[in-house]
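What follows is a short report on a single structure.
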2 protein chains.
Amino acid sequence: MTKVEIDELIKRVAVKAALETEGEPEPGLTSEINWPVNATINRGLEGAISNTTKIGYVNGAKGWLIYRGLNCFDLAEKSSFEETTYLLLYGHLPSRAELQGFNDKLIAYRILPDAVLDVLKAMPKTSHPMSLLATAVSALGSLDDEADDISVTNETEIAIKLTARMASIAGAISRLRRNKEPVNPDPDLTHAANFLYMMTGTKPDEASERIMDASLILHADHGMNASTFTTMVVNSSLSDMYSSVVAGIGSLKGSLHGGANEAALYILEEIGSPENVKPWFEKARAEKRKVMGFGHRVYKAYDPRARILGPIAELVAQKNSESQKLYNIAIALEKEVIEVLGAEKKIFPNVDFYSGLIYNAMSIQTVMFTPIFAVSRIAGWTARALEYLEDNRLFRPRAVYTGPIKAEYTPIQDR
Amino acid sequence: MTKVEIDELIKRVAVKAALETEGEPEPGLTSEINWPVNATINRGLEGAISNTTKIGYVNGAKGWLIYRGLNCFDLAEKSSFEETTYLLLYGHLPSRAELQGFNDKLIAYRILPDAVLDVLKAMPKTSHPMSLLATAVSALGSLDDEADDISVTNETEIAIKLTARMASIAGAISRLRRNKEPVNPDPDLTHAANFLYMMTGTKPDEASERIMDASLILHADHGMNASTFTTMVVNSSLSDMYSSVVAGIGSLKGSLHGGANEAALYILEEIGSPENVKPWFEKARAEKRKVMGFGHRVYKAYDPRARILGPIAELVAQKNSESQKLYNIAIALEKEVIEVLGAEKKIFPNVDFYSGLIYNAMSIQTVMFTPIFAVSRIAGWTARALEYLEDNRLFRPRAVYTGPIKAEYTPIQDR
């Protein structure tokens with residue numbers, strides 16, 4: 001078999017294939033298949049409905065966030081992140097025995113394989129924490145010899161593993177960024193307390209634990225947001241749960257999604273003082289700059305999560321003068337934005353606006369805000385990916401082709 | 001600030017929030033926003049159109065695959081993978097100088113950072129090569145301090161980097177699986193030849209190089225397939241190109257997508273002999289088992305890629321008796337399937353059916369088939385993610401919520 005033989009063969013079959021498929025495209029829009037001439041293009045899939053769900057419900061007009069029928073206000077007040085995760089995954093609140101069993105698993109899974117810590121240490125400390133999180137979770141997948149068992153039972157188990165380990169990885173990343181050795185998880189702590197401990201190396205006070213727990217509950221699920229959708233898309237090819245979650249992390253990293261709480265805090269720091277809010281906002285409007293932390297694609301009412309996190313932010317701001325200053329800027333900005341835009345445009349502060357203030361007051365590095373989001377949202381990602389798998393259908397929308405159909409190949413010497 | 005204070009605060013605001021948002025959901029379907037009562041759910045987004053594109057066109061009825069106006073038959077015959085990638089990324093065939101510049105970049109970028117090779121070596125040799133590929137590409141992102149510059153110029157540069165390095169990583173994975181040290185890239189070889197060299201450690205003959213080149217050309221783009229869509233989805237949150245490509249790899253890993261060529265070959269091996277085709281297929285039909293390598297969601301005509309790769313598979317099968325045997329089984333299976341199903345259902349062998357046979361005859365490990373797919377498809381992934389970014393809109397379809405709205409939170413002692 002020589003190259004000349006192959007060349008001749010390809011030439012022969014290529015010419016034959018071109019002849020046999022000759023013809024004109026169908027009338028109307030041209031794309032992958034015959035489209036009706038009046039097909040509508042919904043960029044970003046706005047308005048497209050891809051599935052039904054029993055997991056969570058966001059009512060943007062009323063300002064509702066509901067997990068499995070329970071509203072987020074009740075859950076923030078009465079539940080824990082562990083229980084809420086169980087609820088999202090299994091569809092009902094656990095009995096005492098079920099919760100105990102679930103907690104035991106989460107605690108056992110907190111410990112990271114050494115190889116994952118080695119991978120994190122091999123990366124620059126200045127790497128984006130979300131990129132490190134994705135690298136580490138992908139490595140967890142490479143290390144798990146059960147990763148490719150995509151039965152519901154095993155994928156649920158991996159969901160629990162990843163819920164536990166996302167916090168451990170985020171904790172290790174936070175430590176390494178500060179040139180500190182990662183700490184081992186503490187089996188006596190709740191998920192929220194252990195997460196804070198692994199980030200800071202210090203066991204948190206009960207108030208901080210409670211705040212982190214409430215924040216994790218409120219971020220655990222939120223309809224078909226971009227990262228949840230991404231996780232479902234990858235899982236729908238019958239890939240594995242690690243690959244699906246890694247994709248979700250990649251999506252959450254984007255500034256149009258999870259990156260927003262980080263961006264919101266940078267804006268407050270940029271404004272610098274309550275007095276500067278008015279001129280800053282005027283300038284931002286003139287430059288058509290997006291003010292992060294305000295408005296939401298879904299909510300036209302006040303973000304229900306902000307209803308809880310707003311007052312918490314106010315309380316924790318009292319911890320130190322720097323936090324109080326940022327909070328005062330935030331309140332002045334909120335007032336200004338609502339005064340100028342609120343009435344007509346229904347723009348209110350969203351969850352990102354307050355979560356950033358809270359984490360900042362708790363001395364968490366700003367770059368860790370999006371990883372914290374992932375530590376919580378893993379619950380919704382995996383619950384929805386698993387639910388979709390029950391009646392799986394590969395996600396595959398279409399594009400309308402608007403380019404030429406019959407271009408000529410010009411040999412390179414003639415270009 | 002004490003835990004009691006926080007508890008009381010959360011209770012107070014939660015009760016207030018619940019009161020203030022009291023009400024009944026809108027009539028009709030309930031979901032994230034008000035849906036028209038007659039909203040239709042398209043599972044898997046079947047029929048939804050999310051964007052226009054000038055990059056590629058698949059006409060499933062006619063059996064056309066077109067990149068930027070040029071049909072795949074011409075490209076397989078006359079182009080190279082490097083030139084085709086340039087065409088997909090930039091929208092026109094390169095001049096001689098442009099192609100030279102592009103090749104120089106690809107060659108320079110082939111070299112992998114040591115840290116990526118270290119990460120690969122820290123993982124078990126038995127890990128799924130697609131999981132390793134994702135881990136390594138994610139690590140590349142963690143290592144690149146320009147990763148978060150998401151300007152079109154920089155994302156295009158990362159696309160070129162990743163086109164070069166996807167082959168180097170796949171090569172290293174293939175070597176490590178065989179307990180061999182990865183080899184350094186050879187700057188004197190074409191992309192296809194260097195890729196084969198890095199997988200096998202031996203410089204390929206010209207015929208093998210030509211076949212790999214044609215195969216890479218034919219797999220470079222294919223409409224809004226699941227992994228391309230995934231890459232676009234992640235990139236649309238303004239995440240970075242590494243994260244987007246990692247997600248694409250995760251999607252391609254699934255057996256409903258890239259895993260199909262691997263699965264097709266395992267079926268041929270399972271059948272074992274041409275005589276066993278008839279009883280095997282009868283049994284498969286009775287068990288409603290999917291016969292991998294046949295049929296395609298888009299093509300209702302003969303897969304244009306199979307038109308080229310089929311005859312190549314026939315030719316390379318002559319290389320050794322084992323390949324000839326598999327090829328004979330494949331032909332018998334094709335005949336049987338078309339005889340039984342072809343006429344009424346328009347089911348024909350697809351690209352996966354033949355690419356697997358070709359790679360097998362070239363002594364490539366079956367588990368490497370999907371990574372080879374990624375080495376090629378990176379061209380389409382990045383070209384389409386970049387094109388979508390020009391008029392970006394976050395992908396966010398909706399789900400219809402079918403669960404309860406007003407469940408009561410039962411305290412744990414009462415469950």
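Naming works like this for the structure tokens: A, B, ... for the chains as they're shown, residue 1 at the start of each chain, ligands 1 onward in shown order.
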
Handout entry: Selection near Thr2 in chain A, 12 Å with only C-alpha atoms, sequence-local residues under 5 positions removed, as a ChimeraX atom specification
Key = /A:7-9 /B:204-211,315-316,319

Emit the selected residues as an mmCIF file, in the first residue's frame, including all heavy atoms.
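Now in selection.cif:
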data_model
loop_
_atom_site.group_PDB
_atom_site.id
_atom_site.type_symbol
_atom_site.label_atom_id
_atom_site.label_comp_id
_atom_site.auth_asym_id
_atom_site.auth_seq_id
_atom_site.Cartn_x
_atom_site.Cartn_y
_atom_site.Cartn_z
ATOM 1 N N ASP A 7 -3.691 8.112 -2.588
ATOM 2 C CA ASP A 7 -4.069 9.360 -3.283
ATOM 3 C C ASP A 7 -5.053 9.067 -4.412
ATOM 4 O O ASP A 7 -6.060 9.745 -4.562
ATOM 5 C CB ASP A 7 -2.827 10.041 -3.864
ATOM 6 C CG ASP A 7 -2.063 10.832 -2.817
ATOM 7 O OD1 ASP A 7 -2.676 11.164 -1.777
ATOM 8 O OD2 ASP A 7 -0.865 11.103 -3.022
ATOM 9 N N GLU A 8 -4.717 8.057 -5.183
ATOM 10 C CA GLU A 8 -5.579 7.726 -6.333
ATOM 11 C C GLU A 8 -6.945 7.237 -5.880
ATOM 12 O O GLU A 8 -7.969 7.599 -6.454
ATOM 13 C CB GLU A 8 -4.898 6.663 -7.210
ATOM 14 C CG GLU A 8 -3.853 7.293 -8.116
ATOM 15 C CD GLU A 8 -3.038 6.248 -8.880
ATOM 16 O OE1 GLU A 8 -3.311 5.041 -8.687
ATOM 17 O OE2 GLU A 8 -2.134 6.648 -9.620
ATOM 18 N N LEU A 9 -6.917 6.423 -4.840
ATOM 19 C CA LEU A 9 -8.185 5.912 -4.309
ATOM 20 C C LEU A 9 -9.069 7.066 -3.837
ATOM 21 O O LEU A 9 -10.256 7.150 -4.180
ATOM 22 C CB LEU A 9 -7.908 4.952 -3.147
ATOM 23 C CG LEU A 9 -9.168 4.491 -2.393
ATOM 24 C CD1 LEU A 9 -9.938 3.478 -3.222
ATOM 25 C CD2 LEU A 9 -8.813 3.907 -1.038
ATOM 26 N N PRO B 204 5.625 7.370 10.718
ATOM 27 C CA PRO B 204 4.718 6.580 9.870
ATOM 28 C C PRO B 204 5.162 6.606 8.411
ATOM 29 O O PRO B 204 5.844 7.537 7.977
ATOM 30 C CB PRO B 204 3.385 7.313 10.032
ATOM 31 C CG PRO B 204 3.773 8.738 10.284
ATOM 32 C CD PRO B 204 5.046 8.674 11.097
ATOM 33 N N ASP B 205 4.745 5.582 7.652
ATOM 34 C CA ASP B 205 4.968 5.637 6.210
ATOM 35 C C ASP B 205 4.014 6.667 5.612
ATOM 36 O O ASP B 205 3.053 7.097 6.250
ATOM 37 C CB ASP B 205 4.767 4.251 5.586
ATOM 38 C CG ASP B 205 3.384 3.696 5.849
ATOM 39 O OD1 ASP B 205 2.389 4.326 5.441
ATOM 40 O OD2 ASP B 205 3.297 2.632 6.497
ATOM 41 N N GLU B 206 4.295 7.056 4.384
ATOM 42 C CA GLU B 206 3.518 8.140 3.759
ATOM 43 C C GLU B 206 2.055 7.769 3.566
ATOM 44 O O GLU B 206 1.179 8.627 3.624
ATOM 45 C CB GLU B 206 4.130 8.504 2.408
ATOM 46 C CG GLU B 206 5.417 9.299 2.519
ATOM 47 C CD GLU B 206 5.835 9.834 1.160
ATOM 48 O OE1 GLU B 206 5.789 9.053 0.176
ATOM 49 O OE2 GLU B 206 6.182 11.030 1.074
ATOM 50 N N ALA B 207 1.791 6.495 3.319
ATOM 51 C CA ALA B 207 0.404 6.071 3.103
ATOM 52 C C ALA B 207 -0.403 6.243 4.388
ATOM 53 O O ALA B 207 -1.519 6.783 4.376
ATOM 54 C CB ALA B 207 0.367 4.613 2.635
ATOM 55 N N SER B 208 0.167 5.829 5.521
ATOM 56 C CA SER B 208 -0.538 5.968 6.803
ATOM 57 C C SER B 208 -0.770 7.439 7.129
ATOM 58 O O SER B 208 -1.838 7.830 7.624
ATOM 59 C CB SER B 208 0.269 5.319 7.926
ATOM 60 O OG SER B 208 0.455 3.955 7.671
ATOM 61 N N GLU B 209 0.249 8.246 6.868
ATOM 62 C CA GLU B 209 0.134 9.689 7.099
ATOM 63 C C GLU B 209 -1.027 10.269 6.286
ATOM 64 O O GLU B 209 -1.847 11.027 6.799
ATOM 65 C CB GLU B 209 1.459 10.359 6.700
ATOM 66 C CG GLU B 209 1.420 11.874 6.734
ATOM 67 C CD GLU B 209 2.704 12.495 6.184
ATOM 68 O OE1 GLU B 209 3.658 11.748 5.853
ATOM 69 O OE2 GLU B 209 2.746 13.737 6.073
ATOM 70 N N ARG B 210 -1.089 9.852 5.019
ATOM 71 C CA ARG B 210 -2.141 10.371 4.133
ATOM 72 C C ARG B 210 -3.533 9.958 4.619
ATOM 73 O O ARG B 210 -4.478 10.752 4.590
ATOM 74 C CB ARG B 210 -1.899 9.846 2.711
ATOM 75 C CG ARG B 210 -2.927 10.261 1.680
ATOM 76 C CD ARG B 210 -2.786 11.734 1.321
ATOM 77 N NE ARG B 210 -3.750 12.135 0.293
ATOM 78 C CZ ARG B 210 -4.943 12.674 0.545
ATOM 79 N NH1 ARG B 210 -5.324 12.876 1.800
ATOM 80 N NH2 ARG B 210 -5.759 13.007 -0.436
ATOM 81 N N ILE B 211 -3.643 8.727 5.082
ATOM 82 C CA ILE B 211 -4.935 8.233 5.573
ATOM 83 C C ILE B 211 -5.343 8.985 6.838
ATOM 84 O O ILE B 211 -6.490 9.413 6.978
ATOM 85 C CB ILE B 211 -4.867 6.710 5.842
ATOM 86 C CG1 ILE B 211 -4.714 5.958 4.519
ATOM 87 C CG2 ILE B 211 -6.110 6.239 6.599
ATOM 88 C CD1 ILE B 211 -4.365 4.488 4.689
ATOM 89 N N LEU B 315 -9.147 -0.998 1.520
ATOM 90 C CA LEU B 315 -7.756 -1.104 1.085
ATOM 91 C C LEU B 315 -6.818 -1.460 2.242
ATOM 92 O O LEU B 315 -5.990 -2.367 2.129
ATOM 93 C CB LEU B 315 -7.321 0.213 0.427
ATOM 94 C CG LEU B 315 -5.951 0.203 -0.255
ATOM 95 C CD1 LEU B 315 -5.922 -0.757 -1.437
ATOM 96 C CD2 LEU B 315 -5.572 1.608 -0.735
ATOM 97 N N VAL B 316 -6.959 -0.752 3.375
ATOM 98 C CA VAL B 316 -6.021 -1.007 4.475
ATOM 99 C C VAL B 316 -6.277 -2.355 5.148
ATOM 100 O O VAL B 316 -5.386 -2.890 5.805
ATOM 101 C CB VAL B 316 -6.003 0.107 5.565
ATOM 102 C CG1 VAL B 316 -5.506 1.417 4.999
ATOM 103 C CG2 VAL B 316 -7.358 0.283 6.204
ATOM 104 N N LYS B 319 -3.834 -5.142 4.868
ATOM 105 C CA LYS B 319 -2.542 -5.099 5.561
ATOM 106 C C LYS B 319 -2.240 -6.381 6.330
ATOM 107 O O LYS B 319 -1.108 -6.819 6.406
ATOM 108 C CB LYS B 319 -2.512 -3.923 6.542
ATOM 109 C CG LYS B 319 -2.074 -2.621 5.901
ATOM 110 C CD LYS B 319 -1.923 -1.522 6.954
ATOM 111 C CE LYS B 319 -0.522 -0.955 6.977
ATOM 112 N NZ LYS B 319 -0.372 0.197 7.873
#

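Across the model, the gap from CA of Arg177 in chain A to CA of Ser127 in chain A is 8.8 Å.
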
Practice task
Can you check which residues of range 162-226 of chain A DSSP gives as helix (DSSP H, G or I) on the backbone and send them as JSON, numbers by chain?
Solution key: {"A": [162, 163, 164, 165, 166, 167, 168, 169, 170, 171, 172, 173, 174, 175, 176, 177, 191, 192, 193, 194, 195, 196, 197, 198, 199, 200, 206, 207, 208, 209, 210, 211, 212, 213, 214, 215, 216, 217, 218, 226]}

Problem - Who sits within 12 Å of Arg178 in chain B, only C-alpha atoms, same chain under 3 positions skipped, as number ranges by chain - result: B: 124-126, 171-175, 181-182, 199-201, 364-365, 367-368

Writer output for current selection, N, CA, C and O atoms, as a PDB file, in the first residue's frame:
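Resulting contents of result21.pdb:
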ATOM      1  N   PRO B 124      -3.543   6.791  36.806  1.00  0.00           N
ATOM      2  CA  PRO B 124      -3.391   5.371  36.476  1.00  0.00           C
ATOM      3  C   PRO B 124      -3.370   5.167  34.953  1.00  0.00           C
ATOM      4  O   PRO B 124      -4.053   5.888  34.230  1.00  0.00           O
ATOM      5  N   LYS B 125      -2.583   4.216  34.515  1.00  0.00           N
ATOM      6  CA  LYS B 125      -2.492   3.938  33.069  1.00  0.00           C
ATOM      7  C   LYS B 125      -3.817   3.445  32.516  1.00  0.00           C
ATOM      8  O   LYS B 125      -4.084   3.507  31.325  1.00  0.00           O
ATOM      9  N   THR B 126      -4.632   2.899  33.405  1.00  0.00           N
ATOM     10  CA  THR B 126      -5.906   2.321  32.976  1.00  0.00           C
ATOM     11  C   THR B 126      -7.036   3.353  32.906  1.00  0.00           C
ATOM     12  O   THR B 126      -8.157   3.004  32.560  1.00  0.00           O
ATOM     13  N   GLY B 171      -1.082  11.609  21.909  1.00  0.00           N
ATOM     14  CA  GLY B 171       0.105  10.793  21.662  1.00  0.00           C
ATOM     15  C   GLY B 171       0.722  10.296  22.966  1.00  0.00           C
ATOM     16  O   GLY B 171       1.028   9.111  23.122  1.00  0.00           O
ATOM     17  N   ALA B 172       0.868  11.226  23.921  1.00  0.00           N
ATOM     18  CA  ALA B 172       1.467  10.856  25.209  1.00  0.00           C
ATOM     19  C   ALA B 172       0.605   9.826  25.938  1.00  0.00           C
ATOM     20  O   ALA B 172       1.131   8.872  26.533  1.00  0.00           O
ATOM     21  N   ILE B 173      -0.704  10.001  25.889  1.00  0.00           N
ATOM     22  CA  ILE B 173      -1.609   9.056  26.556  1.00  0.00           C
ATOM     23  C   ILE B 173      -1.456   7.660  25.957  1.00  0.00           C
ATOM     24  O   ILE B 173      -1.367   6.655  26.670  1.00  0.00           O
ATOM     25  N   SER B 174      -1.399   7.613  24.632  1.00  0.00           N
ATOM     26  CA  SER B 174      -1.249   6.332  23.950  1.00  0.00           C
ATOM     27  C   SER B 174       0.053   5.634  24.369  1.00  0.00           C
ATOM     28  O   SER B 174       0.081   4.426  24.634  1.00  0.00           O
ATOM     29  N   ARG B 175       1.135   6.409  24.444  1.00  0.00           N
ATOM     30  CA  ARG B 175       2.425   5.848  24.848  1.00  0.00           C
ATOM     31  C   ARG B 175       2.387   5.345  26.291  1.00  0.00           C
ATOM     32  O   ARG B 175       2.825   4.232  26.582  1.00  0.00           O
ATOM     33  N   GLU B 181       7.590   5.708  27.399  1.00  0.00           N
ATOM     34  CA  GLU B 181       7.791   7.132  27.641  1.00  0.00           C
ATOM     35  C   GLU B 181       7.207   7.920  26.451  1.00  0.00           C
ATOM     36  O   GLU B 181       7.359   7.518  25.298  1.00  0.00           O
ATOM     37  N   PRO B 182       6.519   9.027  26.724  1.00  0.00           N
ATOM     38  CA  PRO B 182       6.062   9.870  25.612  1.00  0.00           C
ATOM     39  C   PRO B 182       7.267  10.354  24.781  1.00  0.00           C
ATOM     40  O   PRO B 182       8.359  10.527  25.328  1.00  0.00           O
ATOM     41  N   MET B 199       1.982   8.910  18.861  1.00  0.00           N
ATOM     42  CA  MET B 199       1.218   7.775  19.408  1.00  0.00           C
ATOM     43  C   MET B 199       2.040   6.502  19.414  1.00  0.00           C
ATOM     44  O   MET B 199       1.966   5.701  20.358  1.00  0.00           O
ATOM     45  N   THR B 200       2.810   6.290  18.339  1.00  0.00           N
ATOM     46  CA  THR B 200       3.460   4.977  18.170  1.00  0.00           C
ATOM     47  C   THR B 200       4.948   4.992  18.494  1.00  0.00           C
ATOM     48  O   THR B 200       5.531   3.940  18.775  1.00  0.00           O
ATOM     49  N   GLY B 201       5.579   6.171  18.418  1.00  0.00           N
ATOM     50  CA  GLY B 201       7.024   6.231  18.602  1.00  0.00           C
ATOM     51  C   GLY B 201       7.789   5.902  17.330  1.00  0.00           C
ATOM     52  O   GLY B 201       9.021   5.896  17.321  1.00  0.00           O
ATOM     53  N   ILE B 364      -3.705   0.965  15.842  1.00  0.00           N
ATOM     54  CA  ILE B 364      -3.981   1.922  16.915  1.00  0.00           C
ATOM     55  C   ILE B 364      -4.914   1.246  17.918  1.00  0.00           C
ATOM     56  O   ILE B 364      -5.883   0.582  17.528  1.00  0.00           O
ATOM     57  N   GLN B 365      -4.612   1.418  19.215  1.00  0.00           N
ATOM     58  CA  GLN B 365      -5.448   0.816  20.257  1.00  0.00           C
ATOM     59  C   GLN B 365      -6.886   1.340  20.154  1.00  0.00           C
ATOM     60  O   GLN B 365      -7.091   2.531  19.958  1.00  0.00           O
ATOM     61  N   VAL B 367      -9.087   1.988  22.380  1.00  0.00           N
ATOM     62  CA  VAL B 367      -9.423   3.062  23.326  1.00  0.00           C
ATOM     63  C   VAL B 367      -8.937   4.429  22.857  1.00  0.00           C
ATOM     64  O   VAL B 367      -9.345   5.450  23.418  1.00  0.00           O
ATOM     65  N   MET B 368      -8.063   4.462  21.854  1.00  0.00           N
ATOM     66  CA  MET B 368      -7.575   5.756  21.362  1.00  0.00           C
ATOM     67  C   MET B 368      -8.459   6.338  20.254  1.00  0.00           C
ATOM     68  O   MET B 368      -8.224   7.465  19.803  1.00  0.00           O
TER      69      MET B 368
END

Practice task
Compile the contact shell of Glu282 in chain B as a PyMOL selection string: residues with an atom at most 12 Å away, counting only C-alpha atoms, same-chain residues fewer than 2 positions apart removed.
Solution key: chain B and resi 271+276-280+284-289+291+333+336-337+340-341

Handout entry: All residues 9 Å or closer to Val234 in chain A, only C-alpha atoms, same chain fewer than 3 positions away omitted, as number ranges by chain
Key = A: 229-231, 237-241, 243-245, 247-248, 385, 394-395; B: 226-227, 230, 247-248, 250-254

Practice task
Extract, using only C-alpha atoms, all DNA, RNA and protein residues at most 9 Å from Ile111 in chain B, discarding same-chain residues fewer than 4 positions from it, and format them as an MDAnalysis selection string.
Solution key: chainID B and resid 107 164:165 168 184:185

Please write the residues from the selection above to a file, keeping N, CA, C and O atoms, as a PDB file, in the first residue's frame.
ATOM      1  N   ILE B 107       3.537  23.875  14.815  1.00  0.00           N
ATOM      2  CA  ILE B 107       4.739  23.095  15.134  1.00  0.00           C
ATOM      3  C   ILE B 107       5.339  23.555  16.461  1.00  0.00           C
ATOM      4  O   ILE B 107       5.694  22.739  17.318  1.00  0.00           O
ATOM      5  N   ALA B 164      -2.706  22.047  18.165  1.00  0.00           N
ATOM      6  CA  ALA B 164      -1.387  21.400  18.165  1.00  0.00           C
ATOM      7  C   ALA B 164      -1.265  20.411  19.328  1.00  0.00           C
ATOM      8  O   ALA B 164      -0.803  19.278  19.160  1.00  0.00           O
ATOM      9  N   ARG B 165      -1.697  20.851  20.506  1.00  0.00           N
ATOM     10  CA  ARG B 165      -1.406  20.083  21.716  1.00  0.00           C
ATOM     11  C   ARG B 165      -2.361  18.916  21.956  1.00  0.00           C
ATOM     12  O   ARG B 165      -2.012  17.978  22.669  1.00  0.00           O
ATOM     13  N   SER B 168      -0.530  16.117  20.696  1.00  0.00           N
ATOM     14  CA  SER B 168       0.617  15.744  21.540  1.00  0.00           C
ATOM     15  C   SER B 168       0.141  15.013  22.799  1.00  0.00           C
ATOM     16  O   SER B 168       0.764  14.039  23.241  1.00  0.00           O
ATOM     17  N   ASN B 184       9.033  13.208  22.127  1.00  0.00           N
ATOM     18  CA  ASN B 184       8.927  14.625  21.768  1.00  0.00           C
ATOM     19  C   ASN B 184       8.412  14.757  20.349  1.00  0.00           C
ATOM     20  O   ASN B 184       8.693  13.913  19.494  1.00  0.00           O
ATOM     21  N   PRO B 185       7.681  15.830  20.077  1.00  0.00           N
ATOM     22  CA  PRO B 185       7.195  16.027  18.708  1.00  0.00           C
ATOM     23  C   PRO B 185       8.362  16.239  17.739  1.00  0.00           C
ATOM     24  O   PRO B 185       9.437  16.660  18.143  1.00  0.00           O
TER      25      PRO B 185
END

Problem - Close residues, Arg393 in chain B itself excluded, 7 Å, only C-alpha atoms, min 6 positions apart in chain, as a PyMOL selection string - result: (chain A and resi 43-44) or (chain B and resi 236)

Handout entry: Coordinates-based distance that separates CA of Arg384 in chain B from CA of Ala136 in chain B (Å, one decimal)
Key =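 Computed distance, CA of Ala136 in chain B to CA of Arg384 in chain B, equals 22.2 Å.
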
Problem - Given only C-alpha atoms as the counted atoms, nearest of A:Ala108, A:Leu265, A:Ile217, A:Ala14 to chain B - result: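 Of A:Ala108, A:Leu265, A:Ile217, A:Ala14, the one nearest chain B, counting only C-alpha atoms, is A:Ala14.
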
Exercise for the section: Tell me, in Å to one decimal, how far CA of Glu322 in chain B is from CA of Asn360 in chain B. Expected result: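 These two atoms are separated by 9.4 Å.
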
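If only C-alpha atoms are the atoms counted, then among B:Gly101, B:Gly259, B:Gly47, B:Gly310 the closest residue to Pro349 in chain B is B:Gly310.
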
Problem - Pick from B:Ser138, B:Asn328, B:Glu5, B:Ala170, whichever lies nearest to Met198 in chain B using only C-alpha atoms - result: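 Distance minimum relative to Met198 in chain B lands on B:Ala170.
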
Problem - Test item, strand (DSSP E) assignment across range 164-407 of chain A, answer as JSON, numbers by chain - result: {"A": [398, 399, 400, 401]}
